[in-house]
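The next block holds one structure in the form of structure tokens; read it before the comments.
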Amino acid sequence: MATRTISIRNLNSNIEALHLTFQEMSTVIYGKSNYVIGNEKEQLFHRIQILEKQIRQKCHQRDCFPADLSDNAYRAYLWLAFLSQRQRFDQHLAFTHAFLERWRDLTNRSIMLKLYNNAFVFQCKPDKKTTQVSINEGFLLAESKDVQMLVNCSLHPTQKNLVPLRALSRANAYKHIMAQIWKHTPQSNLSTQGEIYNLQQLFDKINDEYFSGKLGQPRLRWSGREATRRLGYYHPDSDTITISCFLDQRSIPAYVTEYVLYHEMLHKKLGLKEVNSYRVAHTAQFKKLERKFAKATAAETFLKQIQQK
Ligand SMILES: [Zn+2]
């Protein structure tokens with residue numbers, strides 16, 4: 001495997017425990033005195049800050065940064081950093097409370113709510129004994145009527161009900177929160193240096209040759225698995241380009257790896273165009289620019305061969 005990853009012990013279970021505590025706290029909020037609530041809130045806030053700090057320190061000890069961690073650990077880190085801000089923490093608790101209050105007005109079903117910076121906007125599993133609802137942190141500032149809409153979607157996740165939810169995920173308030181969570185953080189060689197190729201060096205070279213050095217720095221990663229179908233992808237929220245570590249081997253010519261990286265860099269530059277509410281990535285403009293790569297034809301031929309194997 002090309003990448004050396006640092007793992008943070010018990011990170012997933014710590015995040016799960018935090019979700020549960022948020023839910024429990026917002027449930028009892030009216031049943032207890034302000035003093036007790038105040039204390040519990042402080043403890044929770046403190047736990048989040050400590051976890052965030054621990055991850056930073058662990059990375060520092062290894063001469064790297066949180067952006068060098070796996071996608072999941074980096075996601076968790078950014079969530080903790082976001083909630084380490086007092087205002088965001090209070091808003092997170094307020095959303096959880098508002099959501100659960102409305103939920104209980106409408107149903108007796110038990111629920112596990114997670115407000116988190118997932119890769120997806122919304123997920124609901126109503127078939128379980130406890131309904132599992134995952135809502136993207138981007139909805140944090142949802143107004144009262146929109147919280148109601150989200151509760152409605154969680155109770156009845158039909159295609160029709162999900163239409164306003166999708167619209168809300170394209171609104172400015174959502175984008176604003178996403179931009180705050182996924183702000184750019186530094187990265188080291190630890191995750192960009194493969195066995196043969198260094199993604200940062202390849203990025204700089206392509207940026208100079210084809211983008212006049214003007215394309216902003218994304219997070220760069222080798223994938224953990226040697227995928228041969230999906231050789232690269234760009235995730236706009238986290239501004240991450242992932243390249244399959246299958247392309248990090250001596251038998252793959254540099255121009256092939258560069259071509260795949262160039263393709264993903266074009267995605268970063270051009271974004272997604274919306275056509276009849278479908279998002280289109282490979283537009284005519286995209287394809288035209290893709291052809292500008294010096295060895296595009298040779299790279300295409302090479303890639304077809306390995307994908308046919
Ligand atoms: Zn593409």
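Numbering starts fresh at 1 for the residues of each chain in the structure tokens, the chains themselves are lettered A, B, ... in the order given, and ligands are numbered from 1 as they appear.
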Could you tell me, counting only C-alpha atoms and all ligand atoms, which protein and nucleic acid residues lie no more than 8 Å from ligand 1, written as JSON, numbers by chain? {"A": [232, 233, 234, 263, 264, 267, 281, 282]}
Could those selected residues go to a file with C-alpha atoms, as a compact mmCIF listing (two decimals), in the first residue's frame?
```txt
# COMPACT_ATOMS: atom_id res chain seq x y z
CA GLY A 232 -9.46 9.19 -9.25
CA TYR A 233 -12.18 11.39 -7.83
CA TYR A 234 -12.70 14.87 -6.59
CA HIS A 263 -8.71 15.17 -14.99
CA GLU A 264 -9.52 15.63 -11.29
CA HIS A 267 -13.14 18.96 -11.87
CA ALA A 281 -19.42 16.95 -14.64
CA HIS A 282 -18.05 16.06 -18.08
```
Could you write out, as an mmCIF file with C-alpha atoms, in the first residue's frame, all the residues of range 37-203 of chain A that DSSP marks as alpha helix (DSSP H)?
```
data_model
loop_
_atom_site.group_PDB
_atom_site.id
_atom_site.type_symbol
_atom_site.label_atom_id
_atom_site.label_comp_id
_atom_site.auth_asym_id
_atom_site.auth_seq_id
_atom_site.Cartn_x
_atom_site.Cartn_y
_atom_site.Cartn_z
ATOM 1 C CA ILE A 37 -27.709 21.608 32.433
ATOM 2 C CA GLY A 38 -25.001 24.251 32.499
ATOM 3 C CA ASN A 39 -22.579 21.795 34.100
ATOM 4 C CA GLU A 40 -23.348 18.980 31.671
ATOM 5 C CA LYS A 41 -23.020 21.328 28.746
ATOM 6 C CA GLU A 42 -19.613 22.479 29.927
ATOM 7 C CA GLN A 43 -18.455 18.891 30.327
ATOM 8 C CA LEU A 44 -19.559 18.013 26.816
ATOM 9 C CA PHE A 45 -17.950 21.115 25.354
ATOM 10 C CA HIS A 46 -14.768 20.279 27.202
ATOM 11 C CA ARG A 47 -14.768 16.678 25.925
ATOM 12 C CA ILE A 48 -14.965 17.929 22.349
ATOM 13 C CA GLN A 49 -12.128 20.374 22.843
ATOM 14 C CA ILE A 50 -9.917 17.725 24.438
ATOM 15 C CA LEU A 51 -10.505 15.241 21.625
ATOM 16 C CA GLU A 52 -9.709 17.862 19.022
ATOM 17 C CA LYS A 53 -6.520 18.779 20.816
ATOM 18 C CA GLN A 54 -5.461 15.141 21.212
ATOM 19 C CA ILE A 55 -5.689 14.574 17.473
ATOM 20 C CA ARG A 56 -3.636 17.679 16.734
ATOM 21 C CA GLN A 57 -0.985 16.642 19.273
ATOM 22 C CA LYS A 58 -0.781 13.107 17.971
ATOM 23 C CA CYS A 59 -0.241 14.401 14.440
ATOM 24 C CA HIS A 60 2.337 16.870 15.663
ATOM 25 C CA GLN A 61 4.290 14.066 17.338
ATOM 26 C CA ASP A 71 -10.748 10.636 5.180
ATOM 27 C CA ASN A 72 -12.874 9.443 8.103
ATOM 28 C CA ALA A 73 -10.484 10.634 10.778
ATOM 29 C CA TYR A 74 -9.985 13.969 9.012
ATOM 30 C CA ARG A 75 -13.757 14.374 8.773
ATOM 31 C CA ALA A 76 -14.082 13.682 12.490
ATOM 32 C CA TYR A 77 -11.274 16.097 13.294
ATOM 33 C CA LEU A 78 -12.872 18.945 11.320
ATOM 34 C CA TRP A 79 -16.208 18.302 13.012
ATOM 35 C CA LEU A 80 -14.567 18.496 16.430
ATOM 36 C CA ALA A 81 -12.714 21.675 15.456
ATOM 37 C CA PHE A 82 -15.976 23.208 14.243
ATOM 38 C CA LEU A 83 -17.826 22.335 17.460
ATOM 39 C CA ARG A 86 -18.764 28.030 21.465
ATOM 40 C CA GLN A 87 -21.351 29.482 19.103
ATOM 41 C CA ARG A 88 -21.336 26.411 16.846
ATOM 42 C CA PHE A 89 -21.585 24.097 19.829
ATOM 43 C CA ASP A 90 -24.632 25.976 21.132
ATOM 44 C CA GLN A 91 -26.248 25.939 17.685
ATOM 45 C CA HIS A 92 -25.605 22.205 17.372
ATOM 46 C CA LEU A 93 -27.328 21.549 20.669
ATOM 47 C CA ALA A 94 -30.203 23.881 19.774
ATOM 48 C CA PHE A 95 -30.797 22.112 16.449
ATOM 49 C CA THR A 96 -30.759 18.702 18.118
ATOM 50 C CA HIS A 97 -33.219 19.911 20.706
ATOM 51 C CA ALA A 98 -35.581 21.514 18.165
ATOM 52 C CA PHE A 99 -35.525 18.432 15.968
ATOM 53 C CA LEU A 100 -36.182 15.936 18.758
ATOM 54 C CA GLU A 101 -38.940 18.048 20.283
ATOM 55 C CA ARG A 102 -40.841 18.021 16.996
ATOM 56 C CA TRP A 103 -40.116 14.350 16.476
ATOM 57 C CA ARG A 104 -41.691 13.485 19.831
ATOM 58 C CA ASP A 105 -44.712 15.633 19.062
ATOM 59 C CA LEU A 106 -45.402 13.404 16.081
ATOM 60 C CA SER A 144 -38.044 26.378 12.398
ATOM 61 C CA LYS A 145 -40.124 25.449 9.335
ATOM 62 C CA ASP A 146 -37.108 23.710 7.797
ATOM 63 C CA VAL A 147 -36.472 21.689 10.950
ATOM 64 C CA GLN A 148 -40.114 20.613 10.641
ATOM 65 C CA MET A 149 -39.449 19.627 7.023
ATOM 66 C CA LEU A 150 -36.387 17.581 8.084
ATOM 67 C CA VAL A 151 -38.440 15.788 10.740
ATOM 68 C CA ASN A 152 -41.067 15.085 8.110
ATOM 69 C CA CYS A 153 -38.430 13.618 5.777
ATOM 70 C CA SER A 154 -37.126 11.431 8.595
ATOM 71 C CA LEU A 155 -40.585 10.066 9.288
ATOM 72 C CA GLN A 159 -38.799 11.038 -3.053
ATOM 73 C CA LYS A 160 -41.436 13.760 -3.009
ATOM 74 C CA ASN A 161 -40.662 14.781 0.582
ATOM 75 C CA LEU A 162 -36.960 14.906 -0.168
ATOM 76 C CA VAL A 163 -37.325 17.571 -2.875
ATOM 77 C CA PRO A 164 -37.328 20.570 -0.455
ATOM 78 C CA LEU A 165 -34.521 18.935 1.525
ATOM 79 C CA ARG A 166 -32.331 18.845 -1.573
ATOM 80 C CA ALA A 167 -33.196 22.445 -2.342
ATOM 81 C CA LEU A 168 -32.199 23.474 1.173
ATOM 82 C CA ASN A 172 -26.382 29.678 0.957
ATOM 83 C CA ALA A 173 -26.800 28.924 4.672
ATOM 84 C CA TYR A 174 -25.829 25.307 4.016
ATOM 85 C CA LYS A 175 -22.860 26.262 1.845
ATOM 86 C CA HIS A 176 -21.716 28.746 4.454
ATOM 87 C CA ILE A 177 -21.555 26.084 7.178
ATOM 88 C CA MET A 178 -19.872 23.591 4.848
ATOM 89 C CA ALA A 179 -17.213 26.152 3.930
ATOM 90 C CA GLN A 180 -16.549 26.741 7.629
ATOM 91 C CA ILE A 181 -16.227 23.069 8.458
ATOM 92 C CA ASN A 189 4.492 14.556 2.657
ATOM 93 C CA LEU A 190 3.337 11.674 4.810
ATOM 94 C CA SER A 191 0.141 11.246 2.808
ATOM 95 C CA THR A 192 1.197 12.632 -0.594
ATOM 96 C CA LEU A 199 1.146 13.679 -5.570
ATOM 97 C CA GLN A 200 2.186 17.126 -4.431
ATOM 98 C CA GLN A 201 5.030 17.266 -6.952
ATOM 99 C CA LEU A 202 2.785 16.023 -9.743
ATOM 100 C CA PHE A 203 0.133 18.558 -8.767
#
```
DSSP strand (DSSP E) residues within range 95-298 of chain A, as an MDAnalysis selection string: chainID A and resid 111:116 122:125 131:136 219:222 232:235 240:243 273:275 278:280
Please provide the set of residues having any atom within 7 Å of range 116-127 of chain A, restricted to only C-alpha atoms, with same-chain residues fewer than 4 positions apart removed, written as JSON, numbers by chain. {"A": [75, 79, 131, 132, 133, 134, 135, 136, 137, 154]}
Expected file: the selected residues, all heavy atoms, as a PDB file, in the first residue's frame:
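Everything below was put into again14.pdb:
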```
ATOM      1  N   ARG A  75     -12.369  13.920   8.648  1.00  0.00           N
ATOM      2  CA  ARG A  75     -13.757  14.374   8.773  1.00  0.00           C
ATOM      3  C   ARG A  75     -14.121  14.577  10.247  1.00  0.00           C
ATOM      4  O   ARG A  75     -14.666  15.604  10.633  1.00  0.00           O
ATOM      5  CB  ARG A  75     -14.656  13.292   8.147  1.00  0.00           C
ATOM      6  CG  ARG A  75     -16.124  13.583   8.079  1.00  0.00           C
ATOM      7  CD  ARG A  75     -16.850  12.354   7.507  1.00  0.00           C
ATOM      8  NE  ARG A  75     -16.413  11.994   6.167  1.00  0.00           N
ATOM      9  CZ  ARG A  75     -16.811  12.633   5.070  1.00  0.00           C
ATOM     10  NH1 ARG A  75     -17.672  13.605   5.148  1.00  0.00           N
ATOM     11  NH2 ARG A  75     -16.368  12.273   3.882  1.00  0.00           N
ATOM     12  N   TRP A  79     -14.936  18.170  12.278  1.00  0.00           N
ATOM     13  CA  TRP A  79     -16.208  18.302  13.012  1.00  0.00           C
ATOM     14  C   TRP A  79     -15.938  18.752  14.446  1.00  0.00           C
ATOM     15  O   TRP A  79     -16.581  19.661  14.963  1.00  0.00           O
ATOM     16  CB  TRP A  79     -16.934  16.952  12.980  1.00  0.00           C
ATOM     17  CG  TRP A  79     -18.309  16.935  13.555  1.00  0.00           C
ATOM     18  CD1 TRP A  79     -19.442  17.500  13.007  1.00  0.00           C
ATOM     19  CD2 TRP A  79     -18.736  16.284  14.765  1.00  0.00           C
ATOM     20  NE1 TRP A  79     -20.524  17.234  13.810  1.00  0.00           N
ATOM     21  CE2 TRP A  79     -20.125  16.497  14.894  1.00  0.00           C
ATOM     22  CE3 TRP A  79     -18.076  15.541  15.747  1.00  0.00           C
ATOM     23  CZ2 TRP A  79     -20.864  15.988  15.961  1.00  0.00           C
ATOM     24  CZ3 TRP A  79     -18.811  15.038  16.807  1.00  0.00           C
ATOM     25  CH2 TRP A  79     -20.187  15.266  16.909  1.00  0.00           C
ATOM     26  N   THR A 131     -35.153   4.307  14.760  1.00  0.00           N
ATOM     27  CA  THR A 131     -34.941   4.990  13.476  1.00  0.00           C
ATOM     28  C   THR A 131     -33.597   5.723  13.494  1.00  0.00           C
ATOM     29  O   THR A 131     -33.325   6.509  14.398  1.00  0.00           O
ATOM     30  CB  THR A 131     -36.071   6.010  13.209  1.00  0.00           C
ATOM     31  OG1 THR A 131     -37.309   5.319  13.277  1.00  0.00           O
ATOM     32  CG2 THR A 131     -35.927   6.645  11.834  1.00  0.00           C
ATOM     33  N   GLN A 132     -32.761   5.423  12.512  1.00  0.00           N
ATOM     34  CA  GLN A 132     -31.440   6.045  12.445  1.00  0.00           C
ATOM     35  C   GLN A 132     -31.494   7.207  11.460  1.00  0.00           C
ATOM     36  O   GLN A 132     -31.740   7.002  10.281  1.00  0.00           O
ATOM     37  CB  GLN A 132     -30.392   5.039  11.938  1.00  0.00           C
ATOM     38  CG  GLN A 132     -30.364   3.721  12.677  1.00  0.00           C
ATOM     39  CD  GLN A 132     -29.554   3.793  13.958  1.00  0.00           C
ATOM     40  OE1 GLN A 132     -28.608   4.567  14.054  1.00  0.00           O
ATOM     41  NE2 GLN A 132     -29.935   3.002  14.934  1.00  0.00           N
ATOM     42  N   VAL A 133     -31.279   8.398  11.959  1.00  0.00           N
ATOM     43  CA  VAL A 133     -31.324   9.576  11.094  1.00  0.00           C
ATOM     44  C   VAL A 133     -29.973  10.283  11.104  1.00  0.00           C
ATOM     45  O   VAL A 133     -29.478  10.658  12.169  1.00  0.00           O
ATOM     46  CB  VAL A 133     -32.427  10.564  11.551  1.00  0.00           C
ATOM     47  CG1 VAL A 133     -32.440  11.803  10.654  1.00  0.00           C
ATOM     48  CG2 VAL A 133     -33.795   9.890  11.545  1.00  0.00           C
ATOM     49  N   SER A 134     -29.376  10.429   9.933  1.00  0.00           N
ATOM     50  CA  SER A 134     -28.122  11.183   9.814  1.00  0.00           C
ATOM     51  C   SER A 134     -28.373  12.419   8.972  1.00  0.00           C
ATOM     52  O   SER A 134     -28.775  12.310   7.819  1.00  0.00           O
ATOM     53  CB  SER A 134     -27.034  10.342   9.148  1.00  0.00           C
ATOM     54  OG  SER A 134     -26.713   9.239   9.961  1.00  0.00           O
ATOM     55  N   ILE A 135     -28.156  13.556   9.573  1.00  0.00           N
ATOM     56  CA  ILE A 135     -28.397  14.830   8.897  1.00  0.00           C
ATOM     57  C   ILE A 135     -27.077  15.563   8.782  1.00  0.00           C
ATOM     58  O   ILE A 135     -26.304  15.614   9.733  1.00  0.00           O
ATOM     59  CB  ILE A 135     -29.407  15.672   9.706  1.00  0.00           C
ATOM     60  CG1 ILE A 135     -30.776  14.989   9.677  1.00  0.00           C
ATOM     61  CG2 ILE A 135     -29.510  17.095   9.170  1.00  0.00           C
ATOM     62  CD1 ILE A 135     -31.828  15.703  10.478  1.00  0.00           C
ATOM     63  N   ASN A 136     -26.819  16.130   7.617  1.00  0.00           N
ATOM     64  CA  ASN A 136     -25.547  16.822   7.468  1.00  0.00           C
ATOM     65  C   ASN A 136     -25.494  18.084   8.317  1.00  0.00           C
ATOM     66  O   ASN A 136     -26.475  18.824   8.420  1.00  0.00           O
ATOM     67  CB  ASN A 136     -25.292  17.166   6.002  1.00  0.00           C
ATOM     68  CG  ASN A 136     -23.829  17.430   5.748  1.00  0.00           C
ATOM     69  OD1 ASN A 136     -23.265  18.394   6.267  1.00  0.00           O
ATOM     70  ND2 ASN A 136     -23.200  16.549   4.994  1.00  0.00           N
ATOM     71  N   GLU A 137     -24.336  18.314   8.900  1.00  0.00           N
ATOM     72  CA  GLU A 137     -24.123  19.501   9.740  1.00  0.00           C
ATOM     73  C   GLU A 137     -24.432  20.796   8.981  1.00  0.00           C
ATOM     74  O   GLU A 137     -24.736  21.823   9.595  1.00  0.00           O
ATOM     75  CB  GLU A 137     -22.662  19.511  10.223  1.00  0.00           C
ATOM     76  CG  GLU A 137     -22.329  20.483  11.345  1.00  0.00           C
ATOM     77  CD  GLU A 137     -22.777  20.011  12.719  1.00  0.00           C
ATOM     78  OE1 GLU A 137     -22.630  18.819  13.027  1.00  0.00           O
ATOM     79  OE2 GLU A 137     -23.271  20.863  13.488  1.00  0.00           O
ATOM     80  N   SER A 154     -37.622  12.557   7.803  1.00  0.00           N
ATOM     81  CA  SER A 154     -37.126  11.431   8.595  1.00  0.00           C
ATOM     82  C   SER A 154     -38.241  10.431   8.905  1.00  0.00           C
ATOM     83  O   SER A 154     -37.994   9.233   9.014  1.00  0.00           O
ATOM     84  CB  SER A 154     -36.519  11.935   9.910  1.00  0.00           C
ATOM     85  OG  SER A 154     -35.595  12.962   9.654  1.00  0.00           O
TER      86      SER A 154
END
```
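Remark: for Ser26 in chain A, the closest of the candidate residues A:His184, A:Gly138, A:Gly271, A:Leu113 is A:Leu113 (distances computed over only C-alpha atoms).
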